[in-house]
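Here is target03.cif, consisting of mmCIF, C-alpha atoms:
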data_start
#
loop_
_atom_site.group_PDB
_atom_site.id
_atom_site.type_symbol
_atom_site.label_atom_id
_atom_site.label_comp_id
_atom_site.auth_asym_id
_atom_site.auth_seq_id
_atom_site.Cartn_x
_atom_site.Cartn_y
_atom_site.Cartn_z
ATOM 1 C CA MET X 28 136.194 107.626 96.211
ATOM 2 C CA LYS X 29 134.741 108.113 99.671
ATOM 3 C CA ILE X 30 132.216 105.563 100.875
ATOM 4 C CA TYR X 31 130.336 108.081 102.966
ATOM 5 C CA THR X 32 129.069 111.302 101.424
ATOM 6 C CA LYS X 33 126.712 112.561 104.144
ATOM 7 C CA THR X 34 124.218 113.534 101.409
ATOM 8 C CA GLY X 35 121.655 111.066 102.770
ATOM 9 C CA ASP X 36 121.783 112.207 106.373
ATOM 10 C CA LYS X 37 118.412 113.948 106.110
ATOM 11 C CA GLY X 38 116.610 110.913 104.672
ATOM 12 C CA PHE X 39 116.924 111.701 100.968
ATOM 13 C CA THR X 40 118.952 110.069 98.225
ATOM 14 C CA SER X 41 119.614 110.681 94.538
ATOM 15 C CA LEU X 42 118.389 108.633 91.617
ATOM 16 C CA ILE X 43 120.522 108.218 88.513
ATOM 17 C CA GLY X 44 119.759 111.480 86.761
ATOM 18 C CA GLY X 45 120.077 113.569 89.919
ATOM 19 C CA THR X 46 116.496 113.622 91.178
ATOM 20 C CA ARG X 47 116.400 113.678 94.987
ATOM 21 C CA VAL X 48 113.750 111.461 96.612
ATOM 22 C CA PRO X 49 113.020 110.300 100.159
ATOM 23 C CA LYS X 50 114.685 107.021 101.072
ATOM 24 C CA TYR X 51 111.255 105.448 101.539
ATOM 25 C CA HIS X 52 110.305 106.241 97.908
ATOM 26 C CA LEU X 53 108.844 103.256 96.064
ATOM 27 C CA ARG X 54 111.686 103.336 93.508
ATOM 28 C CA ILE X 55 114.260 103.119 96.330
ATOM 29 C CA GLU X 56 112.285 100.347 98.030
ATOM 30 C CA SER X 57 112.142 98.460 94.720
ATOM 31 C CA TYR X 58 115.835 98.503 93.895
ATOM 32 C CA GLY X 59 116.753 98.058 97.563
ATOM 33 C CA THR X 60 114.738 94.849 97.641
ATOM 34 C CA VAL X 61 116.414 93.686 94.419
ATOM 35 C CA ASP X 62 119.745 94.349 96.156
ATOM 36 C CA GLU X 63 118.570 92.319 99.166
ATOM 37 C CA LEU X 64 117.633 89.497 96.795
ATOM 38 C CA ASN X 65 121.056 89.681 95.181
ATOM 39 C CA SER X 66 122.686 89.309 98.605
ATOM 40 C CA TYR X 67 120.635 86.191 99.350
ATOM 41 C CA ILE X 68 121.624 84.731 96.001
ATOM 42 C CA GLY X 69 125.242 85.367 96.971
ATOM 43 C CA LEU X 70 124.541 83.435 100.160
ATOM 44 C CA ILE X 71 123.169 80.517 98.132
ATOM 45 C CA ARG X 72 126.326 80.589 95.982
ATOM 46 C CA ASP X 73 128.386 80.209 99.161
ATOM 47 C CA GLN X 74 126.704 76.894 99.969
ATOM 48 C CA GLU X 75 127.764 73.405 98.944
ATOM 49 C CA ILE X 76 126.082 73.371 95.549
ATOM 50 C CA THR X 77 127.403 72.402 92.130
ATOM 51 C CA GLU X 78 129.845 74.661 90.319
ATOM 52 C CA TYR X 79 127.342 74.804 87.468
ATOM 53 C CA ASP X 80 124.687 76.200 89.818
ATOM 54 C CA LYS X 81 127.174 78.689 91.290
ATOM 55 C CA THR X 82 128.052 79.936 87.810
ATOM 56 C CA PHE X 83 124.385 80.198 86.840
ATOM 57 C CA LEU X 84 123.621 82.135 90.036
ATOM 58 C CA LYS X 85 126.468 84.553 89.278
ATOM 59 C CA GLU X 86 124.803 85.283 85.929
ATOM 60 C CA ILE X 87 121.570 85.971 87.799
ATOM 61 C CA GLN X 88 123.412 88.334 90.123
ATOM 62 C CA ASP X 89 124.700 90.224 87.095
ATOM 63 C CA ARG X 90 121.148 90.546 85.725
ATOM 64 C CA LEU X 91 119.952 91.767 89.122
ATOM 65 C CA PHE X 92 122.559 94.530 88.979
ATOM 66 C CA THR X 93 121.191 95.434 85.548
ATOM 67 C CA ILE X 94 117.671 95.519 87.017
ATOM 68 C CA GLY X 95 118.854 97.552 90.003
ATOM 69 C CA SER X 96 120.481 100.166 87.790
ATOM 70 C CA SER X 97 117.329 100.392 85.681
ATOM 71 C CA LEU X 98 115.186 100.891 88.769
ATOM 72 C CA ALA X 99 117.639 103.414 90.270
ATOM 73 C CA ALA X 100 117.375 105.689 87.239
ATOM 74 C CA ASP X 101 114.854 108.489 87.007
ATOM 75 C CA PRO X 102 113.112 107.667 83.715
ATOM 76 C CA GLU X 103 112.456 111.396 83.133
ATOM 77 C CA GLU X 104 115.929 112.761 83.920
ATOM 78 C CA SER X 105 118.606 110.117 83.443
ATOM 79 C CA LYS X 106 120.762 110.456 80.351
ATOM 80 C CA MET X 107 123.136 107.673 81.424
ATOM 81 C CA ILE X 108 123.351 104.667 79.130
ATOM 82 C CA LEU X 109 122.558 101.645 81.271
ATOM 83 C CA PRO X 110 122.706 97.947 80.414
ATOM 84 C CA ASP X 111 119.417 96.465 79.254
ATOM 85 C CA LEU X 112 117.638 93.338 80.355
ATOM 86 C CA GLU X 113 116.938 91.192 77.303
ATOM 87 C CA LEU X 114 114.220 88.660 76.493
ATOM 88 C CA THR X 115 117.034 86.093 76.245
ATOM 89 C CA ASP X 116 117.701 86.631 79.978
ATOM 90 C CA ILE X 117 114.144 85.523 80.753
ATOM 91 C CA GLU X 118 114.381 82.625 78.294
ATOM 92 C CA LEU X 119 117.613 81.479 79.961
ATOM 93 C CA LEU X 120 115.740 81.069 83.252
ATOM 94 C CA GLU X 121 112.971 79.156 81.483
ATOM 95 C CA HIS X 122 115.430 76.807 79.778
ATOM 96 C CA GLU X 123 117.236 76.192 83.052
ATOM 97 C CA MET X 124 113.976 75.387 84.840
ATOM 98 C CA ASP X 125 113.071 72.953 82.056
ATOM 99 C CA ARG X 126 116.505 71.319 82.386
ATOM 100 C CA ILE X 127 116.147 70.996 86.165
ATOM 101 C CA ASN X 128 112.585 69.704 85.898
ATOM 102 C CA GLU X 129 113.765 66.779 83.754
ATOM 103 C CA GLN X 130 115.969 65.616 86.665
ATOM 104 C CA LEU X 131 113.335 65.825 89.391
ATOM 105 C CA PRO X 132 110.484 63.589 90.470
ATOM 106 C CA VAL X 133 107.013 64.834 89.552
ATOM 107 C CA LEU X 134 105.736 67.396 92.029
ATOM 108 C CA LYS X 135 102.645 65.944 93.745
ATOM 109 C CA HIS X 136 102.497 68.047 96.933
ATOM 110 C CA PHE X 137 103.113 71.571 98.082
ATOM 111 C CA ILE X 138 106.621 71.867 99.491
ATOM 112 C CA LEU X 139 107.341 73.527 102.823
ATOM 113 C CA PRO X 140 110.621 75.463 103.043
ATOM 114 C CA GLY X 141 113.445 73.622 104.771
ATOM 115 C CA GLY X 142 115.521 70.492 104.611
ATOM 116 C CA SER X 143 118.972 72.076 104.733
ATOM 117 C CA THR X 144 120.466 75.524 105.039
ATOM 118 C CA SER X 145 121.011 75.852 101.293
ATOM 119 C CA ILE X 146 117.433 74.783 100.519
ATOM 120 C CA SER X 147 116.115 77.251 103.092
ATOM 121 C CA TYR X 148 118.216 80.066 101.600
ATOM 122 C CA CYS X 149 116.643 79.318 98.215
ATOM 123 C CA HIS X 150 113.200 79.681 99.744
ATOM 124 C CA VAL X 151 114.120 82.909 101.545
ATOM 125 C CA ALA X 152 115.512 84.291 98.269
ATOM 126 C CA ARG X 153 112.304 83.186 96.499
ATOM 127 C CA CYS X 154 110.208 85.131 99.032
ATOM 128 C CA VAL X 155 112.403 88.231 98.719
ATOM 129 C CA CYS X 156 112.128 87.900 94.932
ATOM 130 C CA ARG X 157 108.327 87.853 95.174
ATOM 131 C CA LYS X 158 108.468 90.929 97.409
ATOM 132 C CA ALA X 159 110.690 92.701 94.861
ATOM 133 C CA GLU X 160 108.262 91.725 92.123
ATOM 134 C CA ARG X 161 105.289 93.146 94.050
ATOM 135 C CA LEU X 162 107.139 96.417 94.639
ATOM 136 C CA VAL X 163 108.200 96.711 90.996
ATOM 137 C CA VAL X 164 104.641 96.030 89.811
ATOM 138 C CA HIS X 165 103.448 98.801 92.130
ATOM 139 C CA LEU X 166 106.187 101.103 90.811
ATOM 140 C CA ALA X 167 105.168 100.286 87.230
ATOM 141 C CA ASP X 168 101.675 101.568 88.060
ATOM 142 C CA GLU X 169 103.174 104.941 88.984
ATOM 143 C CA SER X 170 106.204 105.299 86.735
ATOM 144 C CA THR X 171 108.044 103.882 83.752
ATOM 145 C CA VAL X 172 109.462 100.394 84.342
ATOM 146 C CA ASP X 173 110.715 98.016 81.673
ATOM 147 C CA GLU X 174 108.110 95.226 81.518
ATOM 148 C CA LYS X 175 110.923 92.666 81.151
ATOM 149 C CA VAL X 176 111.942 93.458 84.746
ATOM 150 C CA VAL X 177 108.617 92.185 86.095
ATOM 151 C CA ALA X 178 108.760 89.095 83.873
ATOM 152 C CA TYR X 179 112.350 88.350 84.929
ATOM 153 C CA LEU X 180 111.544 88.604 88.642
ATOM 154 C CA ASN X 181 108.487 86.409 88.121
ATOM 155 C CA ARG X 182 110.585 83.700 86.428
ATOM 156 C CA LEU X 183 113.400 84.082 88.932
ATOM 157 C CA SER X 184 111.145 83.249 91.875
ATOM 158 C CA ASP X 185 110.054 80.097 90.031
ATOM 159 C CA TYR X 186 113.692 79.249 89.297
ATOM 160 C CA LEU X 187 114.613 79.632 92.987
ATOM 161 C CA PHE X 188 111.861 77.168 93.896
ATOM 162 C CA MET X 189 113.213 74.740 91.299
ATOM 163 C CA LEU X 190 116.762 75.247 92.569
ATOM 164 C CA ALA X 191 115.609 74.383 96.103
ATOM 165 C CA ARG X 192 114.127 71.144 94.764
ATOM 166 C CA LYS X 193 117.286 70.413 92.756
ATOM 167 C CA ILE X 194 119.529 70.910 95.777
ATOM 168 C CA ALA X 195 117.316 68.556 97.784
ATOM 169 C CA ASN X 196 117.558 66.003 94.997
ATOM 170 C CA ASP X 197 121.345 66.471 94.588
ATOM 171 C CA HIS X 198 121.899 65.845 98.303
ATOM 172 C CA ASN X 199 119.257 63.106 98.708
ATOM 173 C CA ILE X 200 117.269 65.236 101.120
ATOM 174 C CA PRO X 201 113.562 64.360 101.229
ATOM 175 C CA GLU X 202 111.298 67.221 100.256
ATOM 176 C CA ASN X 203 109.350 68.711 103.119
ATOM 177 C CA GLU X 204 105.848 67.912 101.827
ATOM 178 C CA TRP X 205 102.865 69.789 103.159
ATOM 179 C CA THR X 206 100.165 67.396 104.241
ATOM 180 C CA PRO X 207 97.189 69.408 105.479
ATOM 181 C CA ALA X 208 95.426 68.075 108.538
#
Entire entry expressed as structure tokens:
Amino acid sequence: MKIYTKTGDKGFTSLIGGTRVPKYHLRIESYGTVDELNSYIGLIRDQEITEYDKTFLKEIQDRLFTIGSSLAADPEESKMILPDLELTDIELLEHEMDRINEQLPVLKHFILPGGSTSISYCHVARCVCRKAERLVVHLADESTVDEKVVAYLNRLSDYLFMLARKIANDHNIPENEWTPA
């Protein structure tokens, strides 16, 4: 399989199902941002974090591929059977956040990003996740999008915030509290 096909040289690409769209199309922007998020999560996995967290993040990366394939498909034309996002995927994030929350001190302040590279990567991934969510919500206004995708991205951004706090706690790094002047 060749990596380069030259079919996108004029600024168009194909969705699953064969529909050709400009590379700036909202559907392309949506799954491209999910791919960007997945890359940042890979970067978090490469940090000095627990093996448990690395394994959990790999599961998230798998779900993001599922989301990306869903977003890359033309809902009108695609006949390909794609993996589905399940409600249990969203519940898994919720259960993990509850588990993490039990280990952490009560949140009394807004937290500024930073403290270590791995904490900062969590915050960058959280911001990219929110951007992906905004794009997918916009896409859902114009086209068919599985509503579980929006819910998953919403929970995932919350999870990434919790993971940043957990990493700070695991490494005894004080949280960067925002104290307005």
* For X:Ser96: contacts at 9 Å, only C-alpha atoms, fewer than 2 positions along chain excluded, given as a ChimeraX atom specification -> /X:43,58,91-94,98-100,109-110
* Given the PyMOL selection byres ((chain X and resi 116) around 12), the residues it picks as a list in words -> Phe83, Glu86, Ile87, Gln88, Asp89, Arg90, Leu91, Thr93, Ile94, Asp111, Leu112, Glu113, Leu114, Thr115, Ile117, Glu118, Leu119, Leu120, Glu121, His122, Glu123, Lys175, Val176, Ala178, Tyr179, Leu180, Arg182 and Leu183 of chain X
* atom CA of X:Arg54 and atom CA of X:Ser97, how far apart in Å? ->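 Interatomic distance, atom CA of X:Ser97 to atom CA of X:Arg54: 10.1 Å.
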* To do: Determine the residue membership of the PyMOL selection byres ((chain X and resi 68-74) around 12) for the file above and supply it as a PyMOL selection string.
  => chain X and resi 61-67+75-91+143-156+183-184+186-187+190-191+194
* Choose the residue, out of X:Phe137, X:Gly59, X:His165, X:Glu129, that has the smallest atom-to-atom separation from X:Asn203; count all atoms listed in the file. =>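 Nearest candidate to X:Asn203 out of X:Phe137, X:Gly59, X:His165, X:Glu129: X:Phe137.
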Target residues per the PyMOL selection byres ((chain X and resi 207) around 12), formatted as a JSON list (two decimals) with C-alpha atoms, keeping the file's coordinate frame:
[["chain", "number", "residue", "atom", "x", "y", "z"],
["X", 136, "HIS", "CA", 102.50, 68.05, 96.93],
["X", 137, "PHE", "CA", 103.11, 71.57, 98.08],
["X", 138, "ILE", "CA", 106.62, 71.87, 99.49],
["X", 139, "LEU", "CA", 107.34, 73.53, 102.82],
["X", 204, "GLU", "CA", 105.85, 67.91, 101.83],
["X", 205, "TRP", "CA", 102.86, 69.79, 103.16],
["X", 206, "THR", "CA", 100.16, 67.40, 104.24],
["X", 208, "ALA", "CA", 95.43, 68.08, 108.54]]
* atom CA of X:Thr171 to atom CA of X:Asp185: how many Å, to one decimal? ->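 Between atom CA of X:Thr171 and atom CA of X:Asp185 the gap works out to 24.7 Å.
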* Which residue of X:Ile108, X:Phe188, X:His52, X:Ala159 approaches X:Gly38 most closely, using all atoms listed in the file -> X:His52
* To do: Measure the distance from atom CA of X:Pro102 to atom CA of X:Asn181 in Å and round it to one decimal.
  => 22.2 Å
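Closest to X:Lys106 among X:Met189, X:Ala195, X:Gly45, X:Glu202 is X:Gly45, based on only C-alpha atoms.
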* Hey, which of X:Glu104, X:Val133, X:Tyr31, X:Ala167 ends up closest to X:Thr46? Count all atoms listed in the file. -> X:Glu104
